[in-house]
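Structure below is start22.txt: compact mmCIF, C-alpha atoms and all ligand atoms.
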```txt
# COMPACT_ATOMS: atom_id res chain seq x y z
CA MET A 12 88.47 147.72 170.44
CA ASN A 13 85.86 146.70 167.93
CA PHE A 14 87.26 143.20 167.50
CA GLY A 15 87.99 140.12 169.58
CA PHE A 16 88.29 136.34 169.21
CA VAL A 17 85.60 133.71 168.98
CA CYS A 18 86.38 129.99 168.86
CA ARG A 19 85.04 128.26 165.75
CA SER A 20 84.67 125.01 167.74
CA CYS A 21 83.36 125.84 171.23
CA GLY A 22 82.10 129.40 170.68
CA GLN A 23 84.07 130.86 173.60
CA ARG A 24 84.97 134.57 173.30
CA GLN A 25 88.37 136.02 174.20
CA SER A 26 90.03 139.39 173.87
CA PHE A 27 92.25 139.99 170.85
CA ARG A 28 95.98 139.43 171.08
CA PRO A 29 98.78 138.58 168.66
CA GLY A 30 100.14 135.05 168.66
CA PRO A 31 98.56 131.61 168.72
CA SER A 32 95.02 131.70 167.43
CA THR A 33 94.14 128.39 169.04
CA CYS A 34 91.53 128.04 171.77
CA SER A 35 92.16 125.94 174.90
CA CYS A 36 89.69 123.44 173.39
CA GLY A 37 91.98 123.07 170.36
CA GLY A 38 89.65 124.94 168.00
CA THR A 39 90.71 127.82 165.77
CA LEU A 40 90.05 131.32 167.05
CA LEU A 41 88.51 133.60 164.44
CA VAL A 42 88.43 137.36 164.68
CA GLU A 43 84.97 138.72 165.43
CA TYR A 44 84.06 142.37 164.81
CA ASP A 45 81.47 144.73 166.19
CA LEU A 46 79.68 144.73 162.86
CA GLU A 47 77.09 147.23 163.89
CA ARG A 48 79.85 149.72 164.56
CA ALA A 49 81.74 148.73 161.40
CA GLY A 50 78.61 149.21 159.33
CA ARG A 51 78.33 152.85 160.36
CA THR A 52 81.35 153.80 158.25
CA LEU A 53 81.74 150.82 155.95
CA THR A 54 78.98 151.25 153.39
CA LYS A 55 78.67 150.34 149.72
CA GLU A 56 78.75 154.05 148.96
CA SER A 57 81.83 154.80 151.09
CA LEU A 58 83.74 152.04 149.32
CA LYS A 59 83.57 153.96 146.06
CA HIS A 60 86.09 156.47 147.40
CA ARG A 61 88.58 154.20 149.10
CA VAL A 62 92.17 153.07 148.45
CA SER A 63 92.76 150.44 145.76
CA SER A 64 94.20 147.92 148.20
CA MET A 65 92.75 145.42 150.66
CA TRP A 66 92.88 148.14 153.30
CA ARG A 67 89.73 149.61 151.77
CA TYR A 68 88.00 147.20 154.20
CA ARG A 69 89.79 148.58 157.26
CA GLU A 70 86.80 148.16 159.55
CA LEU A 71 87.03 144.41 158.94
CA LEU A 72 90.75 144.06 159.64
CA PRO A 73 92.16 143.72 163.16
CA VAL A 74 94.41 146.78 163.19
CA GLN A 75 93.24 149.79 165.16
CA HIS A 76 95.63 152.56 164.18
CA GLU A 77 96.36 153.56 160.63
CA ASP A 78 100.05 154.13 161.51
CA HIS A 79 100.49 150.42 162.13
CA ILE A 80 99.40 149.37 158.65
CA ILE A 81 102.20 147.82 156.59
CA SER A 82 101.09 147.94 152.97
CA LEU A 83 102.89 147.37 149.70
CA GLY A 84 99.67 147.83 147.72
CA GLU A 85 98.23 144.31 148.13
CA GLY A 86 94.76 143.31 147.09
CA TRP A 87 92.09 144.86 144.88
CA SER A 88 93.37 142.48 142.21
CA PRO A 89 91.60 142.37 138.86
CA LEU A 90 88.68 140.03 138.30
CA ILE A 91 88.75 139.15 134.61
CA ARG A 92 85.85 137.73 132.63
CA MET A 93 87.00 134.83 130.43
CA HIS A 94 84.81 135.31 127.36
CA GLN A 95 86.84 133.06 125.09
CA ALA A 96 86.81 130.19 127.60
CA GLU A 97 83.06 130.63 128.10
CA ARG A 98 82.55 129.88 124.42
CA LEU A 99 84.62 126.70 124.71
CA LEU A 100 83.26 125.35 128.01
CA PRO A 101 79.71 124.48 129.11
CA VAL A 102 79.65 127.04 131.89
CA GLY A 103 77.46 130.09 132.52
CA LYS A 104 80.02 132.75 133.31
CA LEU A 105 83.69 132.37 134.12
CA TRP A 106 86.04 134.78 135.86
CA VAL A 107 89.64 134.61 137.02
CA LYS A 108 90.71 136.49 140.12
CA ARG A 109 94.23 137.57 139.27
CA GLU A 110 96.00 137.13 142.57
CA GLU A 111 99.38 136.82 140.85
CA GLN A 112 99.26 140.61 140.46
CA ASN A 113 99.93 141.13 144.16
CA PRO A 114 103.17 142.86 145.26
CA THR A 115 105.05 139.60 145.83
CA GLY A 116 103.52 137.78 142.87
CA SER A 117 101.07 135.74 144.94
CA PHE A 118 98.06 136.27 147.20
CA LYS A 119 100.28 135.57 150.21
CA SER A 120 100.91 139.33 150.25
CA ARG A 121 97.46 139.86 151.76
CA GLY A 122 98.03 137.66 154.78
CA PHE A 123 101.42 139.13 155.55
CA SER A 124 100.27 142.71 155.20
CA ALA A 125 97.69 141.99 157.91
CA ALA A 126 99.94 139.76 160.05
CA LEU A 127 102.84 142.19 160.13
CA SER A 128 100.56 145.16 160.77
CA ILE A 129 99.32 143.32 163.86
CA ALA A 130 102.93 142.50 164.76
CA ARG A 131 103.94 146.14 164.43
CA ALA A 132 101.01 147.23 166.59
CA HIS A 133 102.39 144.97 169.31
CA GLY A 134 106.05 145.96 168.98
CA ILE A 135 107.21 142.66 167.43
CA LYS A 136 110.55 142.75 165.60
CA LYS A 137 111.50 139.17 164.69
CA VAL A 138 109.22 137.05 162.56
CA ALA A 139 109.46 133.49 161.25
CA VAL A 140 107.50 131.33 158.85
CA ASN A 141 107.51 127.82 157.39
CA SER A 142 106.35 127.78 153.81
CA ASN A 143 106.37 126.07 150.43
CA GLY A 144 107.76 129.33 149.04
CA ASN A 145 105.27 132.13 148.48
CA ALA A 146 104.54 132.72 152.16
CA ALA A 147 108.29 132.91 152.79
CA SER A 148 108.90 135.48 150.06
CA ALA A 149 105.88 137.52 151.16
CA LEU A 150 107.08 137.52 154.76
CA ALA A 151 110.55 138.48 153.57
CA ALA A 152 109.23 141.45 151.58
CA TYR A 153 106.84 142.78 154.21
CA ALA A 154 109.38 142.32 157.02
CA ALA A 155 111.99 144.21 154.99
CA TYR A 156 109.53 147.03 154.33
CA ALA A 157 108.57 147.15 158.01
CA GLY A 158 112.17 146.97 159.25
CA MET A 159 111.71 143.61 160.93
CA GLU A 160 114.00 140.61 160.87
CA ALA A 161 112.64 137.62 158.92
CA TYR A 162 113.49 133.92 159.31
CA VAL A 163 112.11 131.64 156.64
CA PHE A 164 112.18 127.82 156.48
CA VAL A 165 111.25 126.12 153.21
CA PRO A 166 111.47 122.50 152.01
CA ARG A 167 114.64 122.18 149.91
CA ASP A 168 112.75 121.14 146.76
CA CYS A 169 110.64 124.32 146.65
CA PRO A 170 110.84 126.59 143.58
CA GLY A 171 114.36 128.05 143.43
CA LEU A 172 113.33 131.47 142.15
CA ILE A 173 111.01 131.96 145.12
CA VAL A 174 113.80 130.97 147.50
CA GLU A 175 116.05 133.44 145.69
CA GLU A 176 113.41 136.13 146.22
CA CYS A 177 113.63 135.56 149.98
CA VAL A 178 117.39 136.04 149.85
CA GLN A 179 116.92 139.23 147.78
CA TYR A 180 114.62 140.65 150.44
CA GLY A 181 117.30 139.96 153.04
CA ALA A 182 115.55 137.20 154.97
CA HIS A 183 117.51 134.60 156.94
CA THR A 184 116.74 131.78 154.53
CA CYS A 185 117.08 128.12 155.38
CA LEU A 186 116.29 125.01 153.33
CA VAL A 187 114.70 122.10 155.14
CA ASP A 188 115.17 118.44 154.35
CA GLY A 189 111.47 117.60 154.79
CA PHE A 190 107.93 118.91 154.30
CA ILE A 191 106.31 122.17 155.37
CA HIS A 192 105.29 120.73 158.76
CA ASP A 193 108.91 119.66 159.40
CA ALA A 194 109.91 123.27 158.71
CA GLY A 195 107.19 124.35 161.13
CA LYS A 196 108.62 122.11 163.83
CA ILE A 197 111.95 123.91 163.60
CA ILE A 198 110.19 127.18 164.32
CA SER A 199 108.14 125.84 167.22
CA ASP A 200 111.26 124.23 168.71
CA GLY A 201 113.22 127.48 168.47
CA GLN A 202 110.68 130.24 168.91
CA GLN A 203 110.99 130.61 172.67
CA VAL A 204 114.77 130.93 172.70
CA GLN A 205 115.07 132.86 169.43
CA GLY A 206 112.19 135.23 170.14
CA TRP A 207 110.53 134.46 166.81
CA TYR A 208 106.96 135.56 166.26
CA ASN A 209 105.48 132.62 164.37
CA VAL A 210 103.47 133.76 161.34
CA GLY A 211 102.80 130.24 160.05
CA THR A 212 99.30 129.31 158.83
CA LEU A 213 96.78 129.74 161.69
CA LYS A 214 99.59 130.44 164.16
CA GLU A 215 98.31 134.00 164.50
CA PRO A 216 95.17 135.83 163.36
CA GLY A 217 96.51 138.02 160.52
CA ARG A 218 97.05 135.49 157.73
CA ALA A 219 93.43 134.35 157.57
CA GLU A 220 92.13 137.89 158.08
CA GLY A 221 94.23 139.20 155.21
CA LYS A 222 92.98 136.44 152.92
CA LYS A 223 89.46 137.23 153.98
CA THR A 224 89.72 140.35 151.82
CA MET A 225 89.64 138.12 148.69
CA GLY A 226 86.06 137.26 149.57
CA LEU A 227 85.16 140.88 150.30
CA GLU A 228 86.63 142.02 146.99
CA LEU A 229 84.95 139.30 145.02
CA ALA A 230 81.57 140.40 146.35
CA GLU A 231 82.25 144.06 145.67
CA GLN A 232 83.65 143.44 142.18
CA LEU A 233 80.58 141.39 141.26
CA ASN A 234 78.34 144.15 142.54
CA TRP A 235 77.40 142.21 145.70
CA LYS A 236 76.21 139.11 143.90
CA LEU A 237 78.49 136.16 144.60
CA PRO A 238 79.17 133.43 142.02
CA ASP A 239 77.71 129.92 142.28
CA VAL A 240 81.09 128.22 142.56
CA ILE A 241 84.56 129.25 143.74
CA ILE A 242 87.48 127.01 142.81
CA TYR A 243 90.48 127.52 145.03
CA PRO A 244 93.84 125.67 145.19
CA THR A 245 94.04 124.62 148.81
CA GLY A 246 97.03 123.88 151.03
CA GLY A 247 96.94 125.24 154.57
CA GLY A 248 93.41 126.43 153.97
CA SER A 249 93.56 130.01 155.24
CA GLY A 250 92.05 131.23 151.97
CA VAL A 251 88.97 129.02 152.27
CA ILE A 252 88.61 129.87 155.95
CA GLY A 253 89.13 133.59 155.33
CA MET A 254 86.73 133.86 152.40
CA TRP A 255 84.00 131.93 154.18
CA ASN A 256 84.37 134.29 157.09
CA ALA A 257 84.13 137.24 154.69
CA PHE A 258 80.81 136.00 153.33
CA GLN A 259 79.35 135.57 156.84
CA GLN A 260 80.38 139.10 157.75
CA LEU A 261 78.98 140.56 154.53
CA LYS A 262 75.71 138.76 155.20
CA GLN A 263 75.50 140.16 158.70
CA LEU A 264 76.29 143.62 157.37
CA GLY A 265 73.41 143.22 154.93
CA PHE A 266 75.70 143.63 151.88
CA ILE A 267 74.78 140.27 150.38
CA ASN A 268 71.97 137.77 150.71
CA GLY A 269 70.89 134.42 149.36
CA ASP A 270 72.95 131.29 148.90
CA LEU A 271 76.70 131.45 149.35
CA PRO A 272 79.03 129.96 146.72
CA ARG A 273 79.83 126.25 146.67
CA MET A 274 83.47 126.19 147.75
CA VAL A 275 85.74 123.80 145.87
CA SER A 276 89.25 122.90 147.02
CA VAL A 277 91.65 121.64 144.37
CA GLN A 278 94.71 119.62 145.34
CA GLU A 279 97.35 117.84 143.32
CA ALA A 280 97.02 114.06 143.30
CA GLY A 281 99.66 112.64 145.65
CA CYS A 282 98.92 115.13 148.43
CA GLN A 283 95.15 115.28 148.77
CA PRO A 284 94.07 115.00 152.41
CA LEU A 285 90.94 117.10 151.78
CA VAL A 286 89.88 115.05 148.78
CA ASP A 287 90.41 111.76 150.64
CA SER A 288 88.66 112.98 153.78
CA MET A 289 85.69 114.26 151.78
CA ALA A 290 85.40 110.93 149.94
CA GLY A 291 85.98 108.91 153.12
CA SER A 292 84.13 109.22 156.41
CA GLY A 293 83.64 112.95 156.03
CA GLU A 294 85.93 113.47 159.03
CA PHE A 295 89.23 115.18 158.35
CA LYS A 296 92.30 112.94 158.30
CA PRO A 297 95.81 114.21 157.48
CA GLN A 298 97.77 112.39 154.80
CA VAL A 299 100.51 110.56 156.64
CA LYS A 300 102.13 108.52 153.88
CA HIS A 301 103.17 108.62 150.24
CA VAL A 302 103.23 112.37 149.75
CA ILE A 303 104.42 112.53 146.17
CA SER A 304 102.97 115.70 144.67
CA SER A 305 105.00 118.67 143.38
CA PRO A 306 106.36 121.27 145.80
CA THR A 307 103.62 123.89 145.48
CA GLY A 308 101.35 125.78 147.87
CA MET A 309 98.91 122.87 147.70
CA ARG A 310 101.38 120.36 149.16
CA VAL A 311 100.27 120.46 152.80
CA PRO A 312 99.69 116.89 154.05
CA ASN A 313 98.65 118.02 157.52
CA PRO A 314 97.01 121.46 157.54
CA PRO A 315 96.71 123.08 160.99
CA ASP A 316 92.90 122.94 160.98
CA GLY A 317 91.76 120.48 158.33
CA HIS A 318 88.48 119.97 160.21
CA LEU A 319 87.55 123.60 159.70
CA ILE A 320 88.38 123.56 155.97
CA LEU A 321 86.40 120.37 155.47
CA SER A 322 83.40 121.66 157.41
CA ILE A 323 83.33 124.78 155.21
CA LEU A 324 83.44 122.74 152.01
CA GLN A 325 80.57 120.62 153.36
CA GLU A 326 78.51 123.52 154.70
CA SER A 327 78.77 125.35 151.38
CA GLY A 328 77.66 122.32 149.37
CA GLY A 329 81.11 122.28 147.80
CA THR A 330 83.61 119.54 147.15
CA ALA A 331 87.31 118.72 146.89
CA VAL A 332 88.95 117.46 143.73
CA ALA A 333 92.40 116.07 142.94
CA VAL A 334 94.06 116.73 139.60
CA THR A 335 97.23 115.16 138.23
CA ARG A 336 100.51 116.87 137.46
CA GLU A 337 99.83 116.34 133.75
CA GLU A 338 96.40 117.93 134.00
CA ILE A 339 97.97 120.89 135.79
CA GLN A 340 100.60 121.26 133.07
CA GLN A 341 97.98 121.16 130.33
CA ALA A 342 95.80 123.66 132.17
CA GLY A 343 98.78 125.98 132.62
CA ALA A 344 99.37 125.92 128.87
CA ALA A 345 95.65 126.46 128.21
CA TYR A 346 95.66 129.42 130.58
CA GLY A 347 98.68 130.82 128.74
CA ARG A 348 96.81 130.65 125.44
CA LEU A 349 93.99 132.59 127.09
CA GLY A 350 96.43 135.31 128.14
CA ILE A 351 96.86 134.37 131.79
CA SER A 352 100.22 133.48 133.38
CA ALA A 353 99.26 130.84 135.92
CA SER A 354 101.34 129.12 138.57
CA PRO A 355 100.74 125.38 139.03
CA GLU A 356 98.24 126.16 141.80
CA GLY A 357 96.37 128.63 139.60
CA ALA A 358 96.44 126.16 136.71
CA ALA A 359 95.05 123.47 139.03
CA THR A 360 91.82 125.47 139.35
CA LEU A 361 91.28 125.32 135.59
CA ALA A 362 92.08 121.60 135.64
CA GLY A 363 89.58 121.24 138.49
CA LEU A 364 86.95 123.10 136.52
CA THR A 365 87.45 120.75 133.57
CA ARG A 366 87.01 117.73 135.84
CA LEU A 367 83.89 119.07 137.49
CA LEU A 368 82.38 119.91 134.11
CA ASP A 369 83.09 116.35 132.95
CA GLN A 370 81.34 115.05 136.06
CA SER A 371 78.44 117.49 135.50
CA TRP A 372 79.04 118.70 139.05
CA ILE A 373 79.19 122.18 137.58
CA ARG A 374 76.00 122.99 135.70
CA PRO A 375 75.80 124.82 132.36
CA ASP A 376 74.36 127.95 133.94
CA ASP A 377 76.76 128.10 136.91
CA GLU A 378 78.82 131.24 137.39
CA VAL A 379 82.33 130.24 138.39
CA VAL A 380 85.37 132.08 139.76
CA LEU A 381 88.85 130.57 139.55
CA PHE A 382 91.67 131.84 141.76
CA ASN A 383 94.97 132.27 139.98
CA THR A 384 97.02 132.47 143.14
CA SER A 385 100.48 133.05 141.64
CA HIS A 386 102.53 133.62 138.49
CA ALA A 387 103.99 130.98 136.16
CA VAL A 388 107.38 132.72 136.09
CA LYS A 389 107.98 132.24 139.81
CA TYR A 390 108.16 128.49 139.15
CA LEU A 391 110.72 128.47 136.36
CA PRO A 392 113.73 126.21 137.02
CA TRP A 393 116.39 127.90 139.12
CA LYS A 394 118.94 126.54 141.54
CA PRO A 395 119.01 128.51 144.78
CA ALA A 396 122.40 129.69 146.02
CA SER A 397 124.42 126.72 147.16
CA SER A 398 125.58 128.60 150.26
CA LEU A 399 122.16 128.32 151.92
CA PRO A 400 122.02 126.02 154.94
CA VAL A 401 120.05 122.78 154.58
CA VAL A 402 118.77 121.36 157.86
CA LYS A 403 116.41 118.75 159.29
CA THR A 404 115.93 119.94 162.86
CA TYR A 405 116.25 123.00 165.07
CA GLN A 406 119.49 121.53 166.50
CA ASP A 407 120.89 121.31 162.94
CA TRP A 408 119.92 124.93 162.38
CA LEU A 409 121.71 126.03 165.54
CA GLN A 410 124.85 124.27 164.26
CA ALA A 411 124.48 125.74 160.77
CA VAL A 412 124.21 129.35 161.88
CA LYS A 413 126.82 129.18 164.64
C1 LIG B 501 99.86 129.13 149.77
C2 LIG B 501 99.39 128.94 148.41
C3 LIG B 501 98.22 128.22 148.13
C4 LIG B 501 97.41 127.55 149.22
O1 LIG B 501 96.64 128.52 149.90
P1 LIG B 501 96.00 128.25 151.33
O2 LIG B 501 95.08 129.41 151.54
O3 LIG B 501 97.10 128.21 152.32
O4 LIG B 501 95.26 126.96 151.27
C5 LIG B 501 97.78 128.17 146.81
N1 LIG B 501 98.47 128.76 145.81
C6 LIG B 501 99.61 129.44 146.04
C7 LIG B 501 100.33 130.06 144.90
C8 LIG B 501 100.10 129.56 147.34
O5 LIG B 501 101.22 130.24 147.54
```
Structure encoded using structure tokens:
Amino acid sequence: MNFGFVCRSCGQRQSFRPGPSTCSCGGTLLVEYDLERAGRTLTKESLKHRVSSMWRYRELLPVQHEDHIISLGEGWSPLIRMHQAERLLPVGKLWVKREEQNPTGSFKSRGFSAALSIARAHGIKKVAVNSNGNAASALAAYAAYAGMEAYVFVPRDCPGLIVEECVQYGAHTCLVDGFIHDAGKIISDGQQVQGWYNVGTLKEPGRAEGKKTMGLELAEQLNWKLPDVIIYPTGGGSGVIGMWNAFQQLKQLGFINGDLPRMVSVQEAGCQPLVDSMAGSGEFKPQVKHVISSPTGMRVPNPPDGHLILSILQESGGTAVAVTREEIQQAGAAYGRLGISASPEGAATLAGLTRLLDQSWIRPDDEVVLFNTSHAVKYLPWKPASSLPVVKTYQDWLQAVK
């Protein structure tokens, strides 16, 4: 195999396997590749002739055999230059990475394409995820396509249309009276007995590896010259972790050089553990009380490895910024007038840009990329089918499905 694990905290190396990507020291295991070998076939020239999906970077994804790849055409999303906005805002260049164009209407497609390909390579048939919506619908779609059984657990206040999507894809769909980590507890309590393969954030290696391809694409689409600033709506953090990893690998491959982008995490005020930790001691602390933000992909009070996200923001010279619900709404409308359908998370990046321009944190010659991670239409009001079970604990779930 040309890949294995390395612990981001203690540096220990281990052989690759599906399942928990946590080291015995508690650190997150990242996938490490034999880059010298990868570089023999993965060249700037060879990329010109490859598939228009994230699998164009096959050498940097942890799936050995092509037959195991489960792809619905994810990735290679457009990177659009925002000329009109550039005239209105004091910024050098501005792009939007249109992740809402992915097969399930959000960038979650990338992570699940990778995660379920790994699962297929290891004969796994039953998969489960806790999610604020988009991860659940992506799992549901990819599991259906792969012929696997999907179990999804989402907080009951999550966008109804996204819940409906899960039902459409035939997933066992359950609403949870709590937050995303409460939904995660149901899976960890039941996974042994139910035989669920847990594809929650950082519970296995595929999610972060799939999201890594956003960083690879960005570099390729900008002709191997990265922007000064990346603004990314952050929840569980696999996007930040994945992209940062992508940049390190591209550096080692000799595809890019120089300074890496300043990474900016945007969160909605009311659930902003990264923002508070960055402003506080600089050590990561989960948000334990008063979580009052909207149910979006950014509402993750206790991400699985907040330390790692925070250390990346710091290492890159980046920051974390909180924006209000009103600012997000206004930014969504502004995006619409610029021709982009943005989900609240995507809109938050434009709101974050506005804030950072006001604070002069972003300089007039900075080149900036915003990530529009999902579509506005997925968040339109919709009541999910009343027949779905609503539970608090794994015991409740057992009762509900009996
Ligand atoms: C999951 C999600 C996020 C948060 O992404 P992470 O990489 O988990 O931090 C942002 N936006 C949307 C639309 C999402 O679905």
At most 9 Å from (93.5, 129.9, 156.2), file frame, all atoms listed in the file: which residues, as a PyMOL selection string?
chain A and resi 212-213+218-220+222-223+246-254+315-316+320
Ligand LIG 501 (chain B) proximity check over A:Glu337, A:Glu215, A:Glu111, A:Glu56, using all atoms listed in the file: winner is A:Glu111
Of the listed residues A:Ala280, A:Thr365, A:Val240, A:Asp188, that which approaches Lys104 of chain A most closely, counting all atoms listed in the file:
A:Val240
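For the point (84.3, 148.9, 154.1) in file coordinates, the residues within 6 Å, using all atoms listed in the file, are Leu53, Thr54, Leu58, Arg67 and Tyr68 of chain A.
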For those residues, write C-alpha atoms to a file as a PDB file, in the coordinates of the input.
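File written: part_1.pdb
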```pdb
ATOM      1  CA  LEU A  53      81.740 150.820 155.950  1.00  0.00           C
ATOM      2  CA  THR A  54      78.980 151.250 153.390  1.00  0.00           C
ATOM      3  CA  LEU A  58      83.740 152.040 149.320  1.00  0.00           C
ATOM      4  CA  ARG A  67      89.730 149.610 151.770  1.00  0.00           C
ATOM      5  CA  TYR A  68      88.000 147.200 154.200  1.00  0.00           C
TER       6      TYR A  68
END
```
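Between ligand LIG 501 (chain B) and the residues A:Tyr405, A:Phe27, A:Trp255, A:Trp106, the shortest atom-to-atom distance, using only C-alpha atoms and all ligand atoms, involves A:Trp255.
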For Met309 of chain A, which residue among A:Glu279, A:Asp45, A:Asp78, A:Glu338 is the nearest when counting only C-alpha atoms?
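Nearest candidate to Met309 of chain A out of A:Glu279, A:Asp45, A:Asp78, A:Glu338: A:Glu279.
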Residue nearest ligand LIG 501 (chain B) - candidates A:Gln95, A:Ser292, A:Ser327, A:Asn313, atoms counted: all atoms listed in the file
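When distances to ligand LIG 501 (chain B) are compared using all atoms listed in the file, the smallest one comes from A:Asn313.
Each of A:Gly181, A:Gly116, A:Pro272, A:Gly206 was checked against ligand LIG 501 (chain B) using all atoms listed in the file; the smallest atom-to-atom distance is that of A:Gly116.
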Using all atoms listed in the file, which residues sit within 8 Å of Gly86 of chain A once same-chain residues fewer than 2 positions away are excluded, as a ChimeraX atom specification?
/A:63-65,84,88,110,113,118,120-121,224-225
Produce a file of the selected residues containing C-alpha atoms, as a short mmCIF file (atom, residue, chain, number, x, y, z; two decimals), keeping the file's coordinate frame.
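This is the output file result.cif:
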```cif
data_model
loop_
_atom_site.label_atom_id
_atom_site.label_comp_id
_atom_site.auth_asym_id
_atom_site.auth_seq_id
_atom_site.Cartn_x
_atom_site.Cartn_y
_atom_site.Cartn_z
CA SER A 63 92.76 150.44 145.76
CA SER A 64 94.20 147.92 148.20
CA MET A 65 92.75 145.42 150.66
CA GLY A 84 99.67 147.83 147.72
CA SER A 88 93.37 142.48 142.21
CA GLU A 110 96.00 137.13 142.57
CA ASN A 113 99.93 141.13 144.16
CA PHE A 118 98.06 136.27 147.20
CA SER A 120 100.91 139.33 150.25
CA ARG A 121 97.46 139.86 151.76
CA THR A 224 89.72 140.35 151.82
CA MET A 225 89.64 138.12 148.69
#
```
Long-range neighbours of segment 134-143 of chain A as a PyMOL selection string, 6 Å cut-off, all atoms listed in the file, 4 positions minimum in chain
chain A and resi 130+147+159-165+169+191+194-195+207-211+308
Write out as a list in words which residues come within 9 Å of Leu172 of chain A when counting only C-alpha atoms, dropping same-chain ones fewer than 4 positions away.
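Returned residues: Glu176, Cys177, Val388, Lys389, Tyr390, Leu391, Pro392, Trp393, Lys394 and Pro395 of chain A.
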Take the residues just selected and output them with C-alpha atoms as a PDB file, in the coordinates of the input.
```pdb
ATOM      1  CA  GLU A 176     113.410 136.130 146.220  1.00  0.00           C
ATOM      2  CA  CYS A 177     113.630 135.560 149.980  1.00  0.00           C
ATOM      3  CA  VAL A 388     107.380 132.720 136.090  1.00  0.00           C
ATOM      4  CA  LYS A 389     107.980 132.240 139.810  1.00  0.00           C
ATOM      5  CA  TYR A 390     108.160 128.490 139.150  1.00  0.00           C
ATOM      6  CA  LEU A 391     110.720 128.470 136.360  1.00  0.00           C
ATOM      7  CA  PRO A 392     113.730 126.210 137.020  1.00  0.00           C
ATOM      8  CA  TRP A 393     116.390 127.900 139.120  1.00  0.00           C
ATOM      9  CA  LYS A 394     118.940 126.540 141.540  1.00  0.00           C
ATOM     10  CA  PRO A 395     119.010 128.510 144.780  1.00  0.00           C
TER      11      PRO A 395
END
```
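Atom to atom, atom CA of Val380 of chain A and atom CA of Val62 of chain A stand 23.7 Å apart.
The two atoms in question, atom CA of Lys108 of chain A and atom CA of Ala49 of chain A, are spaced 26.1 Å apart.
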Hey, what's within 10 Å of Met12 of chain A if we count all atoms listed in the file and toss same-chain stuff fewer than 6 positions away? As a PyMOL selection string, please?
chain A and resi 26-27+44-45+73-75
Any idea what the distance is between atom CA of Ile91 of chain A and atom C2 of ligand LIG 501 (chain B)?
20.2 Å
Selection: 12 Å around Ala290 of chain A, only C-alpha atoms, excl. self and same-chain fewer than 5 positions, as a short mmCIF file (atom, residue, chain, number, x, y, z; two decimals) with C-alpha atoms, in the coordinates of the input:
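Wrote it out as part_20.cif, contents follow:
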```cif
data_model
loop_
_atom_site.label_atom_id
_atom_site.label_comp_id
_atom_site.auth_asym_id
_atom_site.auth_seq_id
_atom_site.Cartn_x
_atom_site.Cartn_y
_atom_site.Cartn_z
CA GLN A 283 95.15 115.28 148.77
CA PRO A 284 94.07 115.00 152.41
CA LEU A 285 90.94 117.10 151.78
CA PHE A 295 89.23 115.18 158.35
CA LYS A 296 92.30 112.94 158.30
CA LEU A 321 86.40 120.37 155.47
CA GLN A 325 80.57 120.62 153.36
CA THR A 330 83.61 119.54 147.15
CA ALA A 331 87.31 118.72 146.89
CA VAL A 332 88.95 117.46 143.73
CA ALA A 333 92.40 116.07 142.94
#
```
